[in-house]
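Enquirer: Questions regarding the structure given below will be posed in turn.
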Amino acid sequence: MEAALKVQGLAKAFGGLTAVSGFDLELGPRDIQGIIGPNGAGKTTVFNLITGIYRPDRGRVSLGNTETTRFGPDAVARAGIARTFQNIRLFAQMSVLDNIRMAFHPGAGYGLWWATFRTARFREEEARILARSLEHLERFGLAGLRDEAAGGLPYGEQRRLEIARALATGPRVLLLDEPAAGMNPREVEELIQLIRKVHQDFPLAILLIEHQMPVVLQLCREIQVLDFGETIARGAPGEVVRDPRVVEAYLGEEEARA
């Protein structure tokens, strides 16, 4: 079966510092995989390379049969890769509803002329986008908050909205950058259930970066561990977290031997 996302030999250096070296990944169409590692290991750099924020020094990124290595972020999003960020990036002053409507607008079936003169086609498309947005909010349990400012929501609801907005773009691959960051245990469990539901209900693959091990252990089929930009372990989560190299990378040599 063709991979949804394939990354081959990805490398990036900033000045004399190697951030990522020889990163490989093959993500199946309905797969869930994870990337873990200590702070500064290069995890978010990998996401930034995949999504076109950075250009790699070497390597190749492909979404299905389409090579996206040299695409900018807008072209990557149109191709079918959506992402969230460790620090939530919503349009804080806009309503919950408008955050979702913006994600649906790139697929609107009208151009500038229709919008300027508010033609019948424009009104029909706007009504369709509104209906889809409301349905999407209902699906994620956010319909009752539609008129609230996104920045005023509780933290867990902001994360839910950010994931819902990413999914409104219709991606084939969803990248989640530390979705459980800053959450308490109850919120982490709710997040795990949300990601499971997303994986069940949407035809996509998921790649996530995460420090909270319950998220990785319960969700991911396979994980790989980065340390100083290099993959030091790869495999089933339960096996990888017991790897001495992984323990040392997280705890340091002295504590790992204690």
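Every chain in the structure tokens takes a letter, A first, then B, and so on in the order presented; its residues are numbered from 1, and the ligands are numbered from 1 following the presented order.
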Do a neighbour search on stretch 131-145 of chain A at 12 Å with only C-alpha atoms, toss out local chain neighbours closer than 5 positions, and write the hits as a PyMOL selection string.
Expert: chain A and resi 95-105+107-108+124-126+150-154+156-170+191+193-195+197-198+201-202
Enquirer: Taking the DSSP assignment computed from this structure's backbone, write out as number ranges by chain all residues of stretch 19-209 of chain A that belong to strand (DSSP E).
Expert: A: 19-27, 32-36, 58-63, 66-67, 81-83, 173-177, 205-209
Enquirer: For A:Asn48, which of A:Gly28, A:Gly22, A:Pro106, A:Pro73 is the closest residue, counting only C-alpha atoms?
Expert: A:Pro73
Enquirer: If DSSP is run on the backbone, what residues of stretch 21-229 of chain A are helix (DSSP H, G or I)? A reply as a short mmCIF file (atom, residue, chain, number, x, y, z; two decimals) with C-alpha atoms, in the first residue's frame would be ideal.
Expert:
data_model
loop_
_atom_site.label_atom_id
_atom_site.label_comp_id
_atom_site.auth_asym_id
_atom_site.auth_seq_id
_atom_site.Cartn_x
_atom_site.Cartn_y
_atom_site.Cartn_z
CA LYS A 43 11.38 17.15 16.58
CA THR A 44 9.66 20.43 15.69
CA THR A 45 12.33 21.08 13.05
CA VAL A 46 11.17 17.86 11.35
CA PHE A 47 7.60 19.19 11.32
CA ASN A 48 8.79 22.54 9.96
CA LEU A 49 10.66 20.76 7.16
CA ILE A 50 7.67 18.58 6.26
CA PRO A 73 3.59 26.18 3.62
CA ASP A 74 0.51 27.24 1.61
CA ALA A 75 1.21 24.69 -1.13
CA VAL A 76 1.84 21.96 1.46
CA ALA A 77 -1.52 22.73 3.08
CA ARG A 78 -3.30 22.65 -0.27
CA ALA A 79 -1.62 19.33 -1.09
CA VAL A 96 -14.90 30.12 17.32
CA LEU A 97 -17.17 29.94 14.28
CA ASP A 98 -15.02 32.32 12.21
CA ASN A 99 -11.88 30.32 13.00
CA ILE A 100 -13.53 27.30 11.40
CA ARG A 101 -15.07 29.25 8.50
CA MET A 102 -11.62 30.53 7.52
CA ALA A 103 -10.36 26.96 7.21
CA PHE A 104 -13.22 26.07 4.83
CA HIS A 105 -12.85 29.21 2.67
CA PRO A 106 -9.96 28.03 0.45
CA GLY A 107 -12.44 25.55 -1.03
CA LEU A 112 -13.05 38.05 -6.18
CA TRP A 113 -15.63 39.29 -8.70
CA TRP A 114 -18.42 37.21 -7.14
CA ALA A 115 -17.43 38.36 -3.64
CA THR A 116 -17.16 42.03 -4.58
CA ALA A 120 -26.06 34.72 -5.97
CA ARG A 121 -23.16 32.29 -6.33
CA PHE A 122 -21.28 34.08 -3.54
CA ARG A 123 -24.29 33.93 -1.23
CA GLU A 124 -24.88 30.26 -1.98
CA GLU A 125 -21.26 29.34 -1.29
CA GLU A 126 -21.20 31.36 1.94
CA ALA A 127 -24.36 29.58 3.11
CA ARG A 128 -22.74 26.23 2.29
CA ILE A 129 -19.57 27.14 4.21
CA LEU A 130 -21.61 28.30 7.20
CA ALA A 131 -23.59 25.05 7.25
CA ARG A 132 -20.41 22.96 7.02
CA SER A 133 -18.74 25.02 9.75
CA LEU A 134 -21.68 24.60 12.13
CA GLU A 135 -21.77 20.86 11.45
CA HIS A 136 -18.02 20.67 12.10
CA LEU A 137 -18.34 22.52 15.40
CA GLU A 138 -21.15 20.18 16.45
CA ARG A 139 -18.97 17.21 15.67
CA ALA A 143 -21.30 24.41 18.69
CA GLY A 144 -22.41 26.01 21.95
CA LEU A 145 -19.28 28.20 21.89
CA ALA A 150 -11.35 31.81 20.52
CA GLY A 151 -8.73 33.33 22.82
CA GLY A 152 -11.16 33.33 25.75
CA TYR A 155 -7.02 25.77 27.32
CA GLY A 156 -8.39 22.33 26.51
CA GLU A 157 -11.16 23.80 24.34
CA GLN A 158 -8.63 25.94 22.48
CA ARG A 159 -6.66 22.81 21.65
CA ARG A 160 -9.84 21.08 20.50
CA LEU A 161 -10.67 24.06 18.28
CA GLU A 162 -7.16 24.11 16.81
CA ILE A 163 -7.43 20.42 15.86
CA ALA A 164 -10.94 20.96 14.47
CA ARG A 165 -9.70 23.88 12.36
CA ALA A 166 -6.82 21.81 10.97
CA LEU A 167 -9.25 19.06 10.00
CA PRO A 185 -4.22 14.37 33.57
CA ARG A 186 -7.97 14.71 32.95
CA GLU A 187 -7.37 16.91 29.90
CA VAL A 188 -4.75 14.46 28.61
CA GLU A 189 -7.23 11.59 28.79
CA GLU A 190 -9.85 13.69 26.97
CA LEU A 191 -7.26 14.51 24.30
CA ILE A 192 -6.43 10.82 23.80
CA GLN A 193 -10.12 10.08 23.26
CA LEU A 194 -10.40 13.01 20.84
CA ILE A 195 -7.45 11.82 18.73
CA ARG A 196 -8.88 8.30 18.68
CA LYS A 197 -12.19 9.68 17.42
CA VAL A 198 -10.44 11.76 14.77
CA HIS A 199 -8.55 8.70 13.59
CA GLN A 200 -11.76 6.68 13.47
CA ASP A 201 -13.91 9.31 11.74
CA MET A 213 4.10 9.14 27.46
CA PRO A 214 0.48 7.99 28.06
CA VAL A 215 -0.46 9.70 24.78
CA VAL A 216 2.29 7.90 22.86
CA LEU A 217 1.76 4.52 24.51
CA GLN A 218 -2.01 4.50 23.98
CA LEU A 219 -2.17 5.93 20.46
#
Enquirer: So that I can check the surroundings of A:Thr66, please list as a list in words every protein, DNA and RNA residue that reaches within 12 Å of it, counting only C-alpha atoms and ignoring chain neighbours fewer than 5 positions away.
Expert: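 Selected residues are Glu2, Ala3, Ala4, Leu5, Lys6, Val7, Arg60, Val61, Phe71, Ala75, Val76, Arg78, Ala79, Gly80 and Ile81 of chain A.
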